[in-house]
Amino acid sequence: MPTEAPITAPQPFRTNAIDRLVMRRADDWHVHLRDGAMLGAVAQFTARQFARAIVMPNLDPPITSVAAAAAYRSRILAALAPSDGFTPLMTCYLTDDSDPDEIERGFEAGVFAACKLYPAHATTNSRLGVTDIRRIYPALEAMQRIGMPLLLHGEVTGKEVDIFDREAVFLDLVLSRLVVRFPALKIVLEHITTADAVAFIESGPATLAATITPHHLAINRNAMFEGGIRPHFYCLPVAKREHHRLALRRAATSGAAKFFLGTDSAPHAIGDKQAACGCAGIFCAPYALESYAQTFEEEGALDRLEAFASEHGPRFYGLALNTERIALERTPHVAPHRLGAGATELAPFHAGASLNWRFVGAADERD
Ligand code: DOR
Ligand code: ZN
C-alpha cells in the first residue's frame, strides 16, 4: 500500500527548544569596572546587561576608605547615562591595617556593600592585600556583628603551592578555619574553579555562598594552550581540569541558592594581555548573559538561569529582587575579535566564536 504523502514539509527536530527567553533583570555580583578611560570604555557593557553590580576595589591605589568608594561610585555613574538605571554596589579593599570603624561607618552609610579580601600578591593590584588573615580579625568581628558580607579571593599565594592547587589549599588552610571562628559572618567565595570548592560550599553553613563566572563554566585549562599560548583565557584563579568545570556546571545549574552569577569581568588592554608577562583577567562583560544562557541550555537547565542570575544573589545580600524584565533571543551570532580602540582596545570572551543567544534588552509587550 502506498504511504500517504505528508501534508506539511517535515520540521527540523528540536527538543523543547525555545527562541525567546524572558526573565527578571539580572545582577552581576563580581565585576572589575576599572577607572579613567578604561571605566569609560567598559562600564556600558555591564550596565546594559545588569541592574546592579558588586564593583571590585582593586584599583591602584585601592579603595580602602568610605570617601574613596563614594568618589569612585560617582565616577562610575558619571560614565553612564541615568537611563541605564544601573546601581554600582561598592566594596572596601581589606589591608593589614583595615579600620573596623571605617568599615562599619561605610556600611551603615550605604556606601560599602561588602569587603573584599585579596591575599597579598594573589592577583591584579593585590600588593596591599592581606598578608595574614589574623590581621583582619577585628574587621571581621565588626562585619559579622553588622551583617556585612566578606568576599574572598580564595587562593593561597605561597610559591611552594602549585598554581592549580591554590584554591583547594585555601579551603583547607583558611576558609575552613574562618567559618568556624566567624559562624555568623556572611562569606562569598568568589569565582570558584574547583570541584573541591563546590563540595565545600554545598556542605558548608547557610552563611557561605559562591559566585561562578561564565568562563569557568565554558573553558578548562586546555583553552590556555590550544595550538599556542592563549593569553585571553588566562585569569585568576586559573581554569582547572575538565572534571572541575563539570562540577561547576552542575553547581550553577542545580538550582541551589548558594551559587549565583558573578562574571569577574576583568578588562586589560590587549597589549597588557599579549605581553611577556601578561595580565590576568577575562573581559566577559559584553556577552555575559549570552554565555551563561549557552551553558544552561547545554545542561538542559534554561529554566534555572533566572534564579542563578537574578534571585540567589540579592537574597544572599538581603536586597530586593529587580522587578524589570529582560529578554534574550535565539539569534546565532559571532562575537567580534576586538572592541574599542587604542589604549582601551579589548578582546571580549568568546571573541571570534559563535553564540546561540543574544541579549536584546528590556522585555517588550510581546512578553
Ligand atoms: O583574573 C583576574 N583578574 N582575577 C582577579 O582576581 C583580578 C582580576 C583583575 O582585576 O584583573
Ligand atoms: Zn575579580
# chains A, B, ... in the order shown; residues from 1 in each chain; ligands from 1
$ closest_atom_pairs --of "chain A" --to "ligand 1" --cutoff "7 Å" --atoms "only C-alpha atoms and all ligand atoms" --output "JSON lines"
{"residue": "A:His32", "atom": "CA", "partner": "ligand 1", "partner_atom_place_in_ligand_line": "10 (O)", "distance": 6.0}
{"residue": "A:Asn58", "atom": "CA", "partner": "ligand 1", "partner_atom_place_in_ligand_line": "10 (O)", "distance": 6.3}
{"residue": "A:Thr123", "atom": "CA", "partner": "ligand 1", "partner_atom_place_in_ligand_line": "6 (O)", "distance": 5.1}
{"residue": "A:Thr124", "atom": "CA", "partner": "ligand 1", "partner_atom_place_in_ligand_line": "10 (O)", "distance": 4.8}
{"residue": "A:Asn125", "atom": "CA", "partner": "ligand 1", "partner_atom_place_in_ligand_line": "10 (O)", "distance": 7.0}
{"residue": "A:His153", "atom": "CA", "partner": "ligand 1", "partner_atom_place_in_ligand_line": "6 (O)", "distance": 6.4}
{"residue": "A:Tyr234", "atom": "CA", "partner": "ligand 1", "partner_atom_place_in_ligand_line": "1 (O)", "distance": 6.8}
{"residue": "A:Cys235", "atom": "CA", "partner": "ligand 1", "partner_atom_place_in_ligand_line": "1 (O)", "distance": 3.4}
{"residue": "A:Leu236", "atom": "CA", "partner": "ligand 1", "partner_atom_place_in_ligand_line": "1 (O)", "distance": 3.8}
{"residue": "A:Pro237", "atom": "CA", "partner": "ligand 1", "partner_atom_place_in_ligand_line": "4 (N)", "distance": 6.2}
{"residue": "A:Asp264", "atom": "CA", "partner": "ligand 1", "partner_atom_place_in_ligand_line": "8 (C)", "distance": 6.9}
{"residue": "A:Ala266", "atom": "CA", "partner": "ligand 1", "partner_atom_place_in_ligand_line": "11 (O)", "distance": 4.7}
{"residue": "A:Pro267", "atom": "CA", "partner": "ligand 1", "partner_atom_place_in_ligand_line": "11 (O)", "distance": 6.6}
{"residue": "A:His268", "atom": "CA", "partner": "ligand 1", "partner_atom_place_in_ligand_line": "11 (O)", "distance": 6.9}
{"residue": "A:Cys279", "atom": "CA", "partner": "ligand 1", "partner_atom_place_in_ligand_line": "11 (O)", "distance": 6.7}
{"residue": "A:Ala280", "atom": "CA", "partner": "ligand 1", "partner_atom_place_in_ligand_line": "1 (O)", "distance": 4.1}
{"residue": "A:Gly281", "atom": "CA", "partner": "ligand 1", "partner_atom_place_in_ligand_line": "1 (O)", "distance": 3.3}
{"residue": "A:Ile282", "atom": "CA", "partner": "ligand 1", "partner_atom_place_in_ligand_line": "1 (O)", "distance": 6.2}
$ write_last_selection --atoms "C-alpha atoms" --output "CSV table (one decimal), in the first residue's frame"
chain,number,residue,atom,x,y,z
A,32,HIS,CA,36.0,45.0,37.7
A,58,ASN,CA,41.4,46.7,43.3
A,123,THR,CA,46.3,38.9,41.6
A,124,THR,CA,46.0,42.3,39.9
A,125,ASN,CA,46.7,45.2,42.3
A,153,HIS,CA,39.7,35.8,46.5
A,234,TYR,CA,44.3,33.5,31.4
A,235,CYS,CA,42.6,34.6,34.6
A,236,LEU,CA,43.0,34.0,38.3
A,237,PRO,CA,42.1,31.7,39.7
A,264,ASP,CA,34.6,38.6,37.3
A,266,ALA,CA,38.4,41.9,34.3
A,267,PRO,CA,39.4,44.0,31.3
A,268,HIS,CA,43.0,44.6,30.4
A,279,CYS,CA,47.8,40.4,33.0
A,280,ALA,CA,45.3,38.0,34.5
A,281,GLY,CA,41.7,38.6,33.6
A,282,ILE,CA,39.0,37.8,31.1
$ residues_around --residues "segment 185-194 of chain A" --least-positions-apart "3" --cutoff "6 Å" --atoms "only C-alpha atoms" --output "PyMOL selection string"
chain A and resi 144+149-153+182+197+207-213+244
$ closest_residue --among "A:His121, A:Ser265, A:Ala51, A:Glu108" --to "ligand 2" --atoms "only C-alpha atoms and all ligand atoms"
A:Ser265
$ residues_around --residues "His333 of chain A" --least-positions-apart "4" --cutoff "10 Å" --atoms "only C-alpha atoms" --output "list in words"
Gly352, Ala353, Ser354, Leu355, Asn356, Trp357 and Arg358 of chain A
$ write_last_selection --atoms "N, CA and C atoms" --output "compact mmCIF listing (two decimals), in the first residue's frame"
# COMPACT_ATOMS: atom_id res chain seq x y z
N GLY A 352 35.42 35.85 18.28
CA GLY A 352 35.53 35.02 17.08
C GLY A 352 34.73 33.73 17.15
N ALA A 353 34.04 33.50 18.25
CA ALA A 353 33.26 32.26 18.40
C ALA A 353 31.77 32.54 18.24
N SER A 354 31.03 31.49 18.00
CA SER A 354 29.60 31.62 17.76
C SER A 354 28.83 31.49 19.08
N LEU A 355 27.85 32.35 19.24
CA LEU A 355 26.97 32.30 20.42
C LEU A 355 25.54 32.08 19.95
N ASN A 356 24.80 31.25 20.65
CA ASN A 356 23.43 30.95 20.23
C ASN A 356 22.43 32.03 20.62
N TRP A 357 22.70 32.67 21.75
CA TRP A 357 21.73 33.62 22.29
C TRP A 357 22.24 35.04 22.14
N ARG A 358 21.29 35.97 22.07
CA ARG A 358 21.66 37.38 22.04
C ARG A 358 20.79 38.13 23.05
$ closest_atom_pairs --of "segment 140-235 of chain A" --to "segment 288-305 of chain A" --cutoff "9 Å" --atoms "only C-alpha atoms" --output "CSV"
residue,atom,partner,partner_atom,distance
A:Thr213,CA,A:Tyr292,CA,8.5
A:Pro214,CA,A:Tyr292,CA,5.6
A:His215,CA,A:Ser291,CA,8.0
A:Leu217,CA,A:Thr295,CA,7.0
A:Ala218,CA,A:Thr295,CA,7.0
$ closest_residue --among "A:Pro332, A:Gly85, A:Gly340, A:Gly154" --to "ligand 2" --atoms "only C-alpha atoms and all ligand atoms"
A:Gly154
$ select_by_dssp --residues "segment 29-139 of chain A" --states "alpha helix (DSSP H)" --output "ChimeraX atom specification"
/A:36-49,66-78,100-108,137-139
$ write_last_selection --atoms "N, CA and C atoms" --output "mmCIF file, in the first residue's frame"
data_model
loop_
_atom_site.group_PDB
_atom_site.id
_atom_site.type_symbol
_atom_site.label_atom_id
_atom_site.label_comp_id
_atom_site.auth_asym_id
_atom_site.auth_seq_id
_atom_site.Cartn_x
_atom_site.Cartn_y
_atom_site.Cartn_z
ATOM 1 N N GLY A 36 39.096 55.742 35.057
ATOM 2 C CA GLY A 36 39.589 56.564 33.954
ATOM 3 C C GLY A 36 39.035 56.123 32.603
ATOM 4 N N ALA A 37 39.923 56.113 31.592
ATOM 5 C CA ALA A 37 39.476 55.795 30.233
ATOM 6 C C ALA A 37 38.912 54.378 30.145
ATOM 7 N N MET A 38 39.517 53.450 30.887
ATOM 8 C CA MET A 38 39.024 52.065 30.828
ATOM 9 C C MET A 38 37.610 51.974 31.400
ATOM 10 N N LEU A 39 37.361 52.675 32.496
ATOM 11 C CA LEU A 39 35.998 52.711 33.053
ATOM 12 C C LEU A 39 35.020 53.218 31.990
ATOM 13 N N GLY A 40 35.410 54.289 31.313
ATOM 14 C CA GLY A 40 34.551 54.852 30.274
ATOM 15 C C GLY A 40 34.272 53.863 29.152
ATOM 16 N N ALA A 41 35.255 53.000 28.889
ATOM 17 C CA ALA A 41 35.098 52.038 27.788
ATOM 18 C C ALA A 41 34.281 50.811 28.190
ATOM 19 N N VAL A 42 34.336 50.411 29.452
ATOM 20 C CA VAL A 42 33.721 49.116 29.796
ATOM 21 C C VAL A 42 32.403 49.205 30.576
ATOM 22 N N ALA A 43 32.160 50.321 31.279
ATOM 23 C CA ALA A 43 31.000 50.373 32.187
ATOM 24 C C ALA A 43 29.689 50.072 31.461
ATOM 25 N N GLN A 44 29.584 50.579 30.226
ATOM 26 C CA GLN A 44 28.328 50.407 29.484
ATOM 27 C C GLN A 44 27.988 48.927 29.261
ATOM 28 N N PHE A 45 29.007 48.091 29.119
ATOM 29 C CA PHE A 45 28.716 46.673 28.856
ATOM 30 C C PHE A 45 28.042 46.011 30.059
ATOM 31 N N THR A 46 28.497 46.382 31.234
ATOM 32 C CA THR A 46 27.889 45.824 32.450
ATOM 33 C C THR A 46 26.510 46.439 32.684
ATOM 34 N N ALA A 47 26.420 47.766 32.523
ATOM 35 C CA ALA A 47 25.142 48.444 32.791
ATOM 36 C C ALA A 47 24.054 48.015 31.806
ATOM 37 N N ARG A 48 24.463 47.599 30.621
ATOM 38 C CA ARG A 48 23.496 47.165 29.612
ATOM 39 C C ARG A 48 22.814 45.872 30.040
ATOM 40 N N GLN A 49 23.590 44.976 30.615
ATOM 41 C CA GLN A 49 23.035 43.652 30.927
ATOM 42 C C GLN A 49 22.529 43.526 32.359
ATOM 43 N N VAL A 66 35.795 55.155 52.984
ATOM 44 C CA VAL A 66 34.423 55.488 52.579
ATOM 45 C C VAL A 66 34.455 56.604 51.530
ATOM 46 N N ALA A 67 35.315 57.587 51.761
ATOM 47 C CA ALA A 67 35.385 58.721 50.826
ATOM 48 C C ALA A 67 35.833 58.259 49.443
ATOM 49 N N ALA A 68 36.818 57.369 49.396
ATOM 50 C CA ALA A 68 37.310 56.885 48.102
ATOM 51 C C ALA A 68 36.230 56.088 47.372
ATOM 52 N N ALA A 69 35.467 55.296 48.128
ATOM 53 C CA ALA A 69 34.403 54.495 47.500
ATOM 54 C C ALA A 69 33.285 55.392 46.975
ATOM 55 N N ALA A 70 32.935 56.420 47.749
ATOM 56 C CA ALA A 70 31.870 57.333 47.313
ATOM 57 C C ALA A 70 32.306 58.074 46.048
ATOM 58 N N ALA A 71 33.582 58.491 46.018
ATOM 59 C CA ALA A 71 34.084 59.208 44.836
ATOM 60 C C ALA A 71 34.123 58.272 43.623
ATOM 61 N N TYR A 72 34.543 57.032 43.838
ATOM 62 C CA TYR A 72 34.595 56.044 42.740
ATOM 63 C C TYR A 72 33.179 55.767 42.224
ATOM 64 N N ARG A 73 32.238 55.640 43.142
ATOM 65 C CA ARG A 73 30.844 55.416 42.723
ATOM 66 C C ARG A 73 30.361 56.573 41.836
ATOM 67 N N SER A 74 30.714 57.789 42.211
ATOM 68 C CA SER A 74 30.322 58.950 41.389
ATOM 69 C C SER A 74 30.951 58.876 40.001
ATOM 70 N N ARG A 75 32.204 58.442 39.933
ATOM 71 C CA ARG A 75 32.861 58.348 38.616
ATOM 72 C C ARG A 75 32.190 57.272 37.755
ATOM 73 N N ILE A 76 31.769 56.192 38.386
ATOM 74 C CA ILE A 76 31.073 55.131 37.625
ATOM 75 C C ILE A 76 29.757 55.675 37.078
ATOM 76 N N LEU A 77 29.012 56.350 37.941
ATOM 77 C CA LEU A 77 27.713 56.870 37.491
ATOM 78 C C LEU A 77 27.896 57.931 36.410
ATOM 79 N N ALA A 78 28.976 58.703 36.515
ATOM 80 C CA ALA A 78 29.241 59.742 35.509
ATOM 81 C C ALA A 78 29.596 59.139 34.154
ATOM 82 N N PRO A 100 38.201 48.805 61.524
ATOM 83 C CA PRO A 100 36.820 48.311 61.664
ATOM 84 C C PRO A 100 35.795 49.437 61.739
ATOM 85 N N ASP A 101 36.175 50.575 62.339
ATOM 86 C CA ASP A 101 35.215 51.678 62.466
ATOM 87 C C ASP A 101 34.891 52.290 61.096
ATOM 88 N N GLU A 102 35.910 52.400 60.255
ATOM 89 C CA GLU A 102 35.704 52.951 58.901
ATOM 90 C C GLU A 102 34.800 52.005 58.091
ATOM 91 N N ILE A 103 35.038 50.717 58.227
ATOM 92 C CA ILE A 103 34.234 49.724 57.508
ATOM 93 C C ILE A 103 32.775 49.808 57.958
ATOM 94 N N GLU A 104 32.584 49.878 59.265
ATOM 95 C CA GLU A 104 31.222 49.918 59.805
ATOM 96 C C GLU A 104 30.520 51.215 59.378
ATOM 97 N N ARG A 105 31.248 52.310 59.431
ATOM 98 C CA ARG A 105 30.687 53.608 59.029
ATOM 99 C C ARG A 105 30.245 53.562 57.557
ATOM 100 N N GLY A 106 31.074 52.969 56.712
ATOM 101 C CA GLY A 106 30.759 52.898 55.283
ATOM 102 C C GLY A 106 29.561 52.005 55.003
ATOM 103 N N PHE A 107 29.447 50.934 55.765
ATOM 104 C CA PHE A 107 28.318 50.010 55.568
ATOM 105 C C PHE A 107 27.028 50.675 56.042
ATOM 106 N N GLU A 108 27.089 51.275 57.222
ATOM 107 C CA GLU A 108 25.876 51.907 57.775
ATOM 108 C C GLU A 108 25.434 53.084 56.906
ATOM 109 N N TYR A 137 41.136 40.106 61.803
ATOM 110 C CA TYR A 137 40.080 39.579 62.692
ATOM 111 C C TYR A 137 39.219 40.695 63.311
ATOM 112 N N PRO A 138 39.812 41.828 63.730
ATOM 113 C CA PRO A 138 38.940 42.898 64.276
ATOM 114 C C PRO A 138 37.921 43.382 63.236
ATOM 115 N N ALA A 139 38.359 43.499 61.983
ATOM 116 C CA ALA A 139 37.422 43.921 60.927
ATOM 117 C C ALA A 139 36.347 42.857 60.724
#
$ closest_residue --among "A:Arg52, A:His337, A:Arg325, A:Arg25" --to "Ala363 of chain A" --atoms "only C-alpha atoms"
A:Arg325
$ residues_around --residues "Ala257 of chain A" --least-positions-apart "4" --cutoff "12 Å" --atoms "only C-alpha atoms" --output "list in words"
Ile201, Glu202, Ala206, Thr207, Leu208, Ala209, Ala210, Thr211, Ala251, Ala252, Thr253, Leu261, Arg304, Leu305, Glu306, Ala307, Phe308, Ala309, Ser310, Glu311, His312, Gly313, Pro314, Arg315, Phe316 and Tyr317 of chain A
$ select_by_dssp --residues "segment 131-195 of chain A" --states "strand (DSSP E or B)" --output "list in words"
Leu150, Leu151, Leu152, Ile187, Val188 and Leu189 of chain A
$ decode --residues "segment 245-260 of chain A" --atoms "N, CA and C atoms" --output "PDB file, in the first residue's frame"
ATOM      1  N   ARG A 245      35.456  21.770  35.796  1.00  0.00           N
ATOM      2  CA  ARG A 245      34.472  22.544  35.028  1.00  0.00           C
ATOM      3  C   ARG A 245      33.095  21.875  35.096  1.00  0.00           C
ATOM      4  N   LEU A 246      33.085  20.562  34.985  1.00  0.00           N
ATOM      5  CA  LEU A 246      31.799  19.861  35.025  1.00  0.00           C
ATOM      6  C   LEU A 246      31.129  20.011  36.396  1.00  0.00           C
ATOM      7  N   ALA A 247      31.931  20.021  37.449  1.00  0.00           N
ATOM      8  CA  ALA A 247      31.369  20.216  38.796  1.00  0.00           C
ATOM      9  C   ALA A 247      30.774  21.624  38.922  1.00  0.00           C
ATOM     10  N   LEU A 248      31.444  22.603  38.342  1.00  0.00           N
ATOM     11  CA  LEU A 248      30.920  23.980  38.373  1.00  0.00           C
ATOM     12  C   LEU A 248      29.612  24.074  37.603  1.00  0.00           C
ATOM     13  N   ARG A 249      29.556  23.404  36.468  1.00  0.00           N
ATOM     14  CA  ARG A 249      28.329  23.427  35.660  1.00  0.00           C
ATOM     15  C   ARG A 249      27.177  22.774  36.413  1.00  0.00           C
ATOM     16  N   ARG A 250      27.462  21.687  37.098  1.00  0.00           N
ATOM     17  CA  ARG A 250      26.409  21.047  37.898  1.00  0.00           C
ATOM     18  C   ARG A 250      25.935  21.980  39.002  1.00  0.00           C
ATOM     19  N   ALA A 251      26.880  22.639  39.664  1.00  0.00           N
ATOM     20  CA  ALA A 251      26.508  23.531  40.776  1.00  0.00           C
ATOM     21  C   ALA A 251      25.675  24.710  40.279  1.00  0.00           C
ATOM     22  N   ALA A 252      26.147  25.358  39.226  1.00  0.00           N
ATOM     23  CA  ALA A 252      25.457  26.561  38.731  1.00  0.00           C
ATOM     24  C   ALA A 252      24.042  26.243  38.282  1.00  0.00           C
ATOM     25  N   THR A 253      23.869  25.092  37.653  1.00  0.00           N
ATOM     26  CA  THR A 253      22.567  24.754  37.064  1.00  0.00           C
ATOM     27  C   THR A 253      21.707  23.909  37.997  1.00  0.00           C
ATOM     28  N   SER A 254      22.190  23.682  39.225  1.00  0.00           N
ATOM     29  CA  SER A 254      21.475  22.792  40.147  1.00  0.00           C
ATOM     30  C   SER A 254      20.227  23.430  40.735  1.00  0.00           C
ATOM     31  N   GLY A 255      20.179  24.763  40.723  1.00  0.00           N
ATOM     32  CA  GLY A 255      19.074  25.450  41.399  1.00  0.00           C
ATOM     33  C   GLY A 255      19.405  25.770  42.846  1.00  0.00           C
ATOM     34  N   ALA A 256      20.563  25.335  43.338  1.00  0.00           N
ATOM     35  CA  ALA A 256      20.937  25.600  44.736  1.00  0.00           C
ATOM     36  C   ALA A 256      21.191  27.100  44.927  1.00  0.00           C
ATOM     37  N   ALA A 257      20.608  27.643  46.010  1.00  0.00           N
ATOM     38  CA  ALA A 257      20.640  29.092  46.247  1.00  0.00           C
ATOM     39  C   ALA A 257      22.013  29.608  46.627  1.00  0.00           C
ATOM     40  N   LYS A 258      22.932  28.723  46.957  1.00  0.00           N
ATOM     41  CA  LYS A 258      24.269  29.158  47.367  1.00  0.00           C
ATOM     42  C   LYS A 258      25.168  29.553  46.201  1.00  0.00           C
ATOM     43  N   PHE A 259      24.725  29.295  44.985  1.00  0.00           N
ATOM     44  CA  PHE A 259      25.547  29.614  43.822  1.00  0.00           C
ATOM     45  C   PHE A 259      24.852  30.701  43.014  1.00  0.00           C
ATOM     46  N   PHE A 260      25.604  31.761  42.693  1.00  0.00           N
ATOM     47  CA  PHE A 260      24.994  32.801  41.877  1.00  0.00           C
ATOM     48  C   PHE A 260      25.991  33.467  40.933  1.00  0.00           C
TER      49      PHE A 260
END
